[in-house]
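Below: work-v6.cif (mmCIF, C-alpha atoms)
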```
data_protein
#
loop_
_atom_site.label_atom_id
_atom_site.label_comp_id
_atom_site.auth_asym_id
_atom_site.auth_seq_id
_atom_site.Cartn_x
_atom_site.Cartn_y
_atom_site.Cartn_z
CA MET A 81 70.81 146.16 14.70
CA LEU A 82 68.92 146.97 11.51
CA PHE A 83 69.83 150.68 11.73
CA GLN A 84 73.52 149.90 11.23
CA TRP A 85 72.75 147.49 8.40
CA LEU A 86 70.61 150.07 6.59
CA ASP A 87 73.21 152.75 7.26
CA SER A 88 75.92 150.60 5.69
CA LEU A 89 73.77 150.17 2.58
CA THR A 90 73.10 153.87 2.12
CA GLU A 91 76.28 155.57 3.43
CA LYS A 92 77.89 155.79 0.00
CA SER A 93 74.83 157.30 -1.66
CA ASP A 94 74.87 160.94 -2.78
CA ASN A 95 71.11 161.19 -2.37
CA PRO A 96 70.38 162.87 1.00
CA LEU A 97 66.93 161.28 1.18
CA LEU A 98 68.44 157.84 0.76
CA THR A 99 71.13 158.43 3.38
CA MET A 100 68.40 159.33 5.89
CA LEU A 101 66.48 156.12 5.15
CA PRO A 102 67.74 154.36 8.33
CA VAL A 103 66.00 157.08 10.36
CA TYR A 104 62.90 157.71 8.25
CA LEU A 105 61.98 154.07 7.64
CA PRO A 106 61.50 153.05 11.32
CA LEU A 107 59.55 156.24 12.04
CA ILE A 108 57.21 155.79 9.09
CA LEU A 109 56.82 152.13 9.98
CA ALA A 110 56.01 153.09 13.59
CA ILE A 111 53.26 155.49 12.52
CA LEU A 112 51.69 153.03 10.08
CA LEU A 113 52.00 149.97 12.32
CA THR A 114 50.66 151.75 15.40
CA GLY A 115 47.75 153.22 13.46
CA VAL A 116 46.76 149.89 11.90
CA LEU A 117 47.05 147.94 15.16
CA LEU A 118 45.08 150.54 17.13
CA LYS A 119 42.33 150.48 14.54
CA CYS A 120 42.19 146.67 14.34
CA LEU A 121 42.63 145.84 18.02
CA MET A 122 40.90 148.72 19.81
CA HIS A 123 37.68 146.77 20.33
CA HIS A 124 39.62 143.99 22.07
CA LEU A 125 40.84 146.39 24.76
CA PRO A 126 39.15 146.70 28.17
CA ALA A 127 36.17 149.07 28.30
CA ASP A 128 36.47 152.16 30.47
CA ALA A 129 34.09 152.08 33.45
CA GLY A 130 33.92 155.86 33.78
CA ARG A 131 35.73 157.75 36.52
CA ALA A 132 33.35 158.58 39.34
CA PHE A 133 35.16 161.69 40.63
CA ALA A 134 36.52 163.05 37.35
CA VAL A 135 34.89 165.89 35.45
CA ASN A 136 33.01 164.43 32.46
CA GLY A 137 34.16 160.99 33.55
CA GLU A 138 30.86 159.48 32.45
CA LYS A 139 31.62 160.45 28.83
CA SER A 140 34.52 157.99 28.80
CA LYS A 141 32.38 155.07 29.91
CA GLY A 142 32.47 152.21 27.41
CA LYS A 143 35.40 153.54 25.37
CA PRO A 144 38.30 151.13 24.73
CA ARG A 145 40.95 151.72 27.37
CA GLY A 146 44.55 150.56 27.66
CA ALA A 147 45.74 151.57 24.17
CA GLY A 148 49.16 152.06 25.69
CA ILE A 149 49.79 148.33 25.39
CA ILE A 150 49.73 148.72 21.61
CA PHE A 151 51.84 151.82 21.02
CA ILE A 152 54.35 150.93 23.74
CA LEU A 153 54.88 147.42 22.33
CA VAL A 154 55.37 148.87 18.84
CA PHE A 155 57.93 151.28 20.29
CA ALA A 156 59.71 148.49 22.15
CA VAL A 157 59.93 146.12 19.17
CA LEU A 158 61.02 148.74 16.63
CA GLY A 159 63.38 150.36 19.12
CA ILE A 160 65.24 147.12 19.74
CA LEU A 161 65.22 146.17 16.05
CA PHE A 162 66.43 149.50 14.67
CA PHE A 163 67.91 151.84 17.24
CA VAL A 164 69.23 150.06 20.34
CA SER A 165 72.72 148.60 20.36
CA ASP A 166 73.71 148.37 24.05
CA TRP A 167 72.47 146.52 27.11
CA GLU A 168 71.60 149.73 28.98
CA ASN A 169 68.95 150.90 26.53
CA ILE A 170 67.60 147.36 26.09
CA LEU A 171 67.02 147.18 29.85
CA TYR A 172 65.31 150.58 29.79
CA ILE A 173 62.92 149.36 27.10
CA VAL A 174 62.21 146.17 29.06
CA LEU A 175 61.39 148.25 32.14
CA ILE A 176 59.18 150.59 30.10
CA VAL A 177 57.25 147.53 28.93
CA ALA A 178 57.03 146.37 32.56
CA ALA A 179 55.58 149.74 33.59
CA MET A 180 53.11 149.50 30.72
CA LEU A 181 52.02 146.01 31.78
CA THR A 182 51.42 147.06 35.38
CA GLY A 183 49.18 149.81 34.05
CA TYR A 184 47.43 147.54 31.56
CA PHE A 185 46.57 144.87 34.12
CA ASP A 186 45.16 147.63 36.31
CA ASP A 187 43.14 148.91 33.33
CA ALA A 188 41.80 145.41 32.70
CA SER A 189 40.99 144.68 36.34
CA GLU A 190 37.34 144.80 37.41
CA THR A 191 38.39 146.63 40.58
CA PRO A 192 41.21 149.23 40.54
CA TRP A 193 44.47 148.07 42.06
CA ASN A 194 45.35 149.15 45.58
CA GLU A 195 47.50 152.31 45.65
CA TYR A 196 50.10 150.61 47.84
CA LYS A 197 50.38 147.75 45.35
CA LYS A 198 50.97 150.19 42.51
CA GLY A 199 53.41 152.15 44.69
CA LEU A 200 55.45 149.00 45.35
CA LEU A 201 55.56 148.19 41.63
CA ASP A 202 56.63 151.77 40.89
CA PHE A 203 59.42 151.40 43.45
CA LEU A 204 60.68 148.16 41.91
CA ILE A 205 60.66 149.64 38.40
CA ALA A 206 62.36 152.82 39.62
CA ALA A 207 65.00 150.71 41.37
CA GLY A 208 65.64 148.77 38.17
CA VAL A 209 66.07 151.92 36.08
CA THR A 210 68.26 153.57 38.71
CA ALA A 211 70.51 150.50 39.06
CA THR A 212 70.87 150.28 35.27
CA TYR A 213 71.69 153.97 35.00
CA MET A 214 74.18 154.00 37.87
CA VAL A 215 76.10 150.90 36.73
CA SER A 216 76.30 152.11 33.14
CA HIS A 217 77.32 155.68 33.90
CA MET A 218 79.75 154.87 36.69
CA ASN A 219 81.48 152.39 34.38
CA HIS A 220 81.59 155.11 31.76
CA ALA A 221 83.03 157.52 34.31
CA ASP A 222 85.84 155.07 35.09
CA LYS A 223 86.80 154.98 31.42
CA CYS A 224 86.02 158.47 30.15
CA GLY A 225 85.68 160.78 33.13
CA ALA A 226 82.64 161.77 35.14
CA SER A 227 79.34 161.24 33.34
CA LEU A 228 76.95 161.45 36.28
CA PRO A 229 74.81 164.61 36.55
CA THR A 230 76.23 167.76 38.05
CA PHE A 231 74.49 170.65 39.80
CA PHE A 232 75.65 173.96 38.33
CA GLY A 233 79.04 172.45 37.62
CA HIS A 234 79.45 170.73 41.00
CA ALA A 235 79.69 166.95 41.16
CA ILE A 236 76.89 165.13 43.00
CA PRO A 237 77.86 162.11 45.15
CA PRO A 238 76.74 158.85 43.45
CA ALA A 239 74.59 157.84 46.43
CA LEU A 240 72.69 161.12 46.21
CA VAL A 241 72.33 160.71 42.43
CA ALA A 242 70.71 157.31 43.01
CA VAL A 243 68.25 158.71 45.57
CA LEU A 244 67.35 161.66 43.34
CA ALA A 245 66.91 159.33 40.35
CA MET A 246 64.47 157.16 42.32
CA ILE A 247 62.49 160.25 43.31
CA LEU A 248 62.51 161.59 39.74
CA ILE A 249 61.23 158.32 38.29
CA TRP A 250 58.46 157.90 40.89
CA VAL A 251 57.34 161.51 40.48
CA SER A 252 57.38 161.34 36.68
CA ILE A 253 55.34 158.12 36.52
CA ASN A 254 52.70 159.46 38.88
CA VAL A 255 52.32 163.06 37.73
CA VAL A 256 52.01 161.96 34.10
CA ASN A 257 49.49 159.32 35.14
CA CYS A 258 47.40 161.94 37.00
CA THR A 259 47.49 164.30 34.01
CA ASP A 260 45.80 161.75 31.77
CA GLY A 261 42.23 162.94 32.23
CA VAL A 262 41.42 165.08 29.20
CA ASP A 263 41.43 163.91 25.59
CA GLY A 264 44.81 164.70 24.03
CA LEU A 265 46.40 166.37 27.07
CA CYS A 266 48.88 163.77 28.33
CA GLY A 267 50.19 162.72 24.91
CA SER A 268 50.55 166.30 23.64
CA LEU A 269 52.42 167.47 26.74
CA ALA A 270 54.69 164.44 26.51
CA ILE A 271 55.67 165.33 22.94
CA VAL A 272 56.53 168.92 23.94
CA SER A 273 58.64 167.81 26.90
CA LEU A 274 60.48 165.12 24.94
CA LEU A 275 61.26 167.47 22.06
CA ALA A 276 62.62 170.03 24.54
CA PHE A 277 64.96 167.46 26.07
CA VAL A 278 66.49 166.82 22.63
CA PHE A 279 68.27 170.17 22.90
CA PHE A 280 70.05 169.07 26.08
CA ILE A 281 71.28 165.64 24.99
CA ASP A 282 74.97 165.65 24.11
CA THR A 283 75.05 163.30 21.12
CA ARG A 284 78.85 163.43 21.07
CA HIS A 285 78.84 161.68 24.44
CA GLU A 286 75.64 159.60 24.34
CA GLY A 287 75.47 158.97 20.61
CA ASN A 288 72.24 159.35 18.69
CA GLU A 289 70.29 156.59 20.46
CA PRO A 290 68.37 158.79 22.96
CA VAL A 291 67.33 161.20 20.19
CA LEU A 292 66.34 158.36 17.88
CA LEU A 293 64.30 156.72 20.65
CA ILE A 294 62.55 160.03 21.36
CA SER A 295 61.68 160.32 17.66
CA LEU A 296 60.38 156.75 17.61
CA PHE A 297 58.34 157.27 20.78
CA ILE A 298 56.71 160.39 19.33
CA ALA A 299 56.01 158.54 16.06
CA CYS A 300 54.16 155.87 18.05
CA LEU A 301 52.17 158.53 19.94
CA ILE A 302 50.96 160.36 16.83
CA PRO A 303 48.39 157.74 15.64
CA TYR A 304 47.09 157.38 19.19
CA LEU A 305 46.65 161.16 19.53
CA TRP A 306 44.79 161.19 16.20
CA MET A 307 42.23 158.82 17.73
CA ASN A 308 42.32 160.38 21.21
CA TRP A 309 41.75 164.00 20.22
CA LYS A 310 38.29 165.21 21.19
CA PRO A 311 35.96 163.49 20.66
CA SER A 312 38.16 160.51 21.48
CA ILE A 313 37.38 156.97 20.41
CA LEU A 314 39.90 155.27 22.70
CA LEU A 315 41.99 155.96 25.81
CA MET A 316 45.62 155.17 26.63
CA GLY A 317 44.82 154.17 30.22
CA ASP A 318 47.48 153.60 32.85
CA ALA A 319 49.18 151.32 30.32
CA GLY A 320 50.14 154.40 28.34
CA SER A 321 50.51 157.14 30.93
CA ARG A 322 52.73 155.19 33.32
CA ALA A 323 55.06 154.10 30.50
CA ILE A 324 55.20 157.67 29.16
CA GLY A 325 56.12 158.97 32.60
CA LEU A 326 58.91 156.42 32.92
CA PHE A 327 60.27 157.18 29.45
CA ILE A 328 60.38 160.92 30.19
CA ALA A 329 62.26 160.23 33.43
CA ILE A 330 64.79 158.05 31.58
CA ILE A 331 65.34 160.76 28.98
CA ALA A 332 65.81 163.32 31.76
CA LEU A 333 68.52 161.11 33.27
CA LYS A 334 70.14 160.48 29.88
CA SER A 335 70.30 164.23 29.23
CA GLU A 336 72.64 164.41 32.27
CA SER A 337 70.58 167.46 33.30
CA PRO A 338 67.77 165.76 35.23
CA PHE A 339 66.98 168.96 37.15
CA LEU A 340 65.64 170.31 33.85
CA PHE A 341 62.74 167.92 34.41
CA ILE A 342 61.23 170.67 36.59
CA PRO A 343 60.82 173.36 33.90
CA LEU A 344 60.47 171.02 30.93
CA CYS A 345 57.68 169.05 32.64
CA LEU A 346 56.30 171.84 34.80
CA VAL A 347 52.70 171.50 33.59
CA PHE A 348 52.83 167.78 34.35
CA ILE A 349 54.18 168.57 37.83
CA LEU A 350 51.56 171.21 38.62
CA ASP A 351 48.61 169.43 37.03
CA GLY A 352 49.27 165.98 38.47
CA GLY A 353 51.61 166.72 41.36
CA LEU A 354 49.48 169.18 43.33
CA GLY A 355 46.77 166.56 43.68
CA LEU A 356 49.29 164.02 44.99
CA ILE A 357 50.55 166.51 47.57
CA LYS A 358 47.01 167.49 48.57
CA VAL A 359 45.85 163.90 49.04
CA SER A 360 49.05 162.78 50.80
CA LEU A 361 48.96 165.61 53.35
CA LYS A 362 45.32 164.97 54.13
CA ARG A 363 45.69 161.19 54.37
CA PHE A 364 48.91 160.91 56.34
CA LEU A 365 49.17 164.18 58.27
CA LYS A 366 45.51 165.22 58.43
CA ILE A 367 46.44 168.57 56.87
CA SER A 368 44.00 170.09 54.40
CA ILE A 369 45.33 172.52 51.81
CA MET A 370 44.04 173.99 48.54
CA LYS A 371 40.45 173.48 49.68
CA ASN A 372 39.11 175.70 46.91
CA ILE A 373 41.26 174.15 44.19
CA ARG A 374 40.08 171.01 42.47
CA THR A 375 42.83 168.61 41.45
CA PRO A 376 44.10 167.61 38.96
CA LEU A 377 44.20 171.21 37.75
CA HIS A 378 42.64 170.24 34.42
CA ASP A 379 39.49 169.34 36.39
CA HIS A 380 39.62 172.72 38.17
CA ALA A 381 39.85 174.49 34.80
CA ARG A 382 36.84 172.61 33.45
CA LYS A 383 34.65 172.49 36.56
CA LYS A 384 35.46 175.77 38.32
CA ARG A 385 36.42 177.91 35.32
CA GLY A 386 34.02 176.42 32.83
CA TRP A 387 36.69 175.78 30.22
CA SER A 388 36.00 173.33 27.41
CA ASP A 389 38.23 170.28 27.01
CA VAL A 390 39.85 171.78 23.91
CA ARG A 391 40.57 175.10 25.63
CA THR A 392 42.05 173.28 28.61
CA VAL A 393 44.38 171.19 26.45
CA LEU A 394 45.49 174.09 24.24
CA THR A 395 46.07 176.42 27.21
CA PHE A 396 48.09 173.87 29.19
CA LEU A 397 50.01 172.97 26.06
CA ALA A 398 50.78 176.60 25.22
CA ILE A 399 52.05 177.22 28.76
CA GLN A 400 54.44 174.25 28.52
CA VAL A 401 55.66 175.31 25.07
CA VAL A 402 56.49 178.82 26.34
CA ILE A 403 58.26 177.44 29.44
CA ALA A 404 60.23 175.00 27.30
CA LEU A 405 61.33 177.73 24.88
CA ILE A 406 62.42 179.98 27.76
CA THR A 407 64.35 177.11 29.33
CA ILE A 408 66.11 176.33 26.06
CA ALA A 409 66.97 180.00 25.52
CA VAL A 410 68.30 180.46 29.08
CA PHE A 411 70.37 177.27 29.39
CA LEU A 412 71.67 177.06 25.81
#
```

As structure tokens:
Amino acid sequence: MLFQWLDSLTEKSDNPLLTMLPVYLPLILAILLTGVLLKCLMHHLPADAGRAFAVNGEKSKGKPRGAGIIFILVFAVLGILFFVSDWENILYIVLIVAAMLTGYFDDASETPWNEYKKGLLDFLIAAGVTATYMVSHMNHADKCGASLPTFFGHAIPPALVAVLAMILIWVSINVVNCTDGVDGLCGSLAIVSLLAFVFFIDTRHEGNEPVLLISLFIACLIPYLWMNWKPSILLMGDAGSRAIGLFIAIIALKSESPFLFIPLCLVFILDGGLGLIKVSLKRFLKISIMKNIRTPLHDHARKKRGWSDVRTVLTFLAIQVVIALITIAVFL
């Protein structure tokens, strides 16, 4: 990969800036390339139809939607060119692109896709990621000792790890998708969660690839957030949010501490997950809960509490930052 080639060219240099070129160059390129492509191609994206039941949904009507197809493809191409050297991470990137495409085709469809259709696609993608993870890490365990996650030092049976991984991936895709309803909220929370996971990735065992991919992913998100911050001029759509959710789940698995997904993504879980629980209980069990709480919670904050979009984003973001810092302090 190009990272190794650049590293070989600069490893003998005494200039610290030059030795870091293999890292800086892809990140700078990601920011510039994503920004230029978003600016040039945004008017070729599907137009948002406005969300009928979302607070201020009518304000999004007509804005370009589905920007995730641009920043996810930039991430995928640069990730494979510069940072990925093994089949496991290549398959992860392919599956992230697949998740993005399922979201993009839904964004571009005149009528929203059926929930069961999207659920089946989520299941297939989750199965692909889980199979890739299990094969890779069980092979590693055979050679170098156990590398599957543990629970407070106790080994978890591989079959249970696979089931929990499937649940984690499905939950992550869907709660992140549900959180994407306020300008800047989903992307900003994703950056906080991903940066927090960096502290829990053992680079001695995994190498630098997960950390480098996190850096690249964030670099691709920055130009989008610049254009999505209120007042936004484009939206990531399901193409972005579903891929972001999958990437966070993969990073949680790669950290070998996937249970940390709960505190490090707690705002995602509460904001998007409570609505999923509320709707599922009412639809399948005819049980009504949280009747006085509007979901997602960002809609409750804006509709019931009268918060502005900016206050909602900054408050939710501050809560996740504090939780992440406490988690890092406690577990490290």

Which residue of A:Phe411, A:Phe162, A:Trp250, A:Trp309 approaches Asp202 in chain A most closely, using all atoms listed in the file:
A:Trp250

Could you tell me how far CA of Gly386 in chain A lies from CA of Leu405 in chain A, in Å and to one decimal?
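About the pair CA of Gly386 in chain A and CA of Leu405 in chain A: they are 28.5 Å apart.
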
Using the chain letters and numbers from this file, what does the PyMOL selection byres ((chain A and resi 209-216) around 10) select? Give the answer as a PyMOL selection string.
chain A and resi 167-169+171-176+203-208+217-221+227-228+238-239+241-249+326+329-330+333-334

For His378 in chain A, which residue among A:Asp318, A:Asp260, A:Glu336, A:Asp282 is the nearest when counting only C-alpha atoms?
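The closest residue to His378 in chain A is A:Asp260.
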
Neighbours of point (32.6, 151.4, 32.0) within 10 Å, using only C-alpha atoms, written as a list in words:
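Those residues lying close to the given coordinates are Pro126, Ala127, Asp128, Ala129, Gly130, Arg131, Gly137, Glu138, Lys139, Ser140, Lys141, Gly142, Lys143, Pro144, Arg145 and Glu190 of chain A.
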
Atomic distance CA of Val347 in chain A - CA of Ser268 in chain A, expressed in Å with one decimal
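Between CA of Val347 in chain A and CA of Ser268 in chain A the gap is 11.4 Å.
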
Contact residues around Val255 in chain A with all atoms listed in the file at 7 Å, ignoring same-chain residues under 2 positions, as a count of residues only:
10

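With all atoms listed in the file as the atoms that count, the residue of A:Gly320, A:Gly183, A:Gly355, A:Pro343 with the shortest distance to Ser273 in chain A is A:Pro343.
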
Need to verify the contact set: Leu158 in chain A, 12 Å, all atoms listed in the file, exclusion of same-chain residues closer than 3 positions in sequence. Can you return it as a VMD selection string?
chain A and resid 81 to 83 103 105 to 111 113 to 114 151 to 155 161 to 164 170 173 292 to 293 295 to 297 299 to 300

With distances taken over only C-alpha atoms, which of A:Gly146, A:Pro303, A:Ile403, A:Phe339 is nearest to Ala276 in chain A?
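Distance minimum relative to Ala276 in chain A lands on A:Ile403.
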
In terms of the shortest atom-to-atom distance over all atoms listed in the file, which of A:Ala323, A:Val278, A:Gly264, A:Leu201 is closest to Ile150 in chain A?
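That would be A:Ala323, the residue with the smallest distance to Ile150 in chain A.
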
Explicit residues for the PyMOL selection byres ((chain A and resi 379-382) around 12) (as an mmCIF file with C-alpha atoms, in the frame of the given file):
```
data_model
loop_
_atom_site.group_PDB
_atom_site.id
_atom_site.type_symbol
_atom_site.label_atom_id
_atom_site.label_comp_id
_atom_site.auth_asym_id
_atom_site.auth_seq_id
_atom_site.Cartn_x
_atom_site.Cartn_y
_atom_site.Cartn_z
ATOM 1 C CA PHE A 133 35.160 161.690 40.630
ATOM 2 C CA ALA A 134 36.520 163.050 37.350
ATOM 3 C CA VAL A 135 34.890 165.890 35.450
ATOM 4 C CA ASN A 136 33.010 164.430 32.460
ATOM 5 C CA GLY A 137 34.160 160.990 33.550
ATOM 6 C CA CYS A 258 47.400 161.940 37.000
ATOM 7 C CA THR A 259 47.490 164.300 34.010
ATOM 8 C CA ASP A 260 45.800 161.750 31.770
ATOM 9 C CA GLY A 261 42.230 162.940 32.230
ATOM 10 C CA VAL A 262 41.420 165.080 29.200
ATOM 11 C CA LEU A 265 46.400 166.370 27.070
ATOM 12 C CA ASP A 351 48.610 169.430 37.030
ATOM 13 C CA GLY A 352 49.270 165.980 38.470
ATOM 14 C CA LEU A 354 49.480 169.180 43.330
ATOM 15 C CA GLY A 355 46.770 166.560 43.680
ATOM 16 C CA MET A 370 44.040 173.990 48.540
ATOM 17 C CA LYS A 371 40.450 173.480 49.680
ATOM 18 C CA ASN A 372 39.110 175.700 46.910
ATOM 19 C CA ILE A 373 41.260 174.150 44.190
ATOM 20 C CA ARG A 374 40.080 171.010 42.470
ATOM 21 C CA THR A 375 42.830 168.610 41.450
ATOM 22 C CA PRO A 376 44.100 167.610 38.960
ATOM 23 C CA LEU A 377 44.200 171.210 37.750
ATOM 24 C CA HIS A 378 42.640 170.240 34.420
ATOM 25 C CA LYS A 383 34.650 172.490 36.560
ATOM 26 C CA LYS A 384 35.460 175.770 38.320
ATOM 27 C CA ARG A 385 36.420 177.910 35.320
ATOM 28 C CA GLY A 386 34.020 176.420 32.830
ATOM 29 C CA TRP A 387 36.690 175.780 30.220
ATOM 30 C CA SER A 388 36.000 173.330 27.410
ATOM 31 C CA ASP A 389 38.230 170.280 27.010
ATOM 32 C CA VAL A 390 39.850 171.780 23.910
ATOM 33 C CA ARG A 391 40.570 175.100 25.630
ATOM 34 C CA THR A 392 42.050 173.280 28.610
ATOM 35 C CA VAL A 393 44.380 171.190 26.450
ATOM 36 C CA LEU A 394 45.490 174.090 24.240
ATOM 37 C CA THR A 395 46.070 176.420 27.210
ATOM 38 C CA PHE A 396 48.090 173.870 29.190
#
```

Draw an axis-aligned box over all listed atoms of range 312-317 of chain A, pad each side with 5 Å, and write its centre and edge lengths in Å, one decimal, as AutoDock Vina command-line options.
```
--center_x 41.5 --center_y 157.3 --center_z 25.3 --size_x 18.2 --size_y 16.3 --size_z 19.8
```
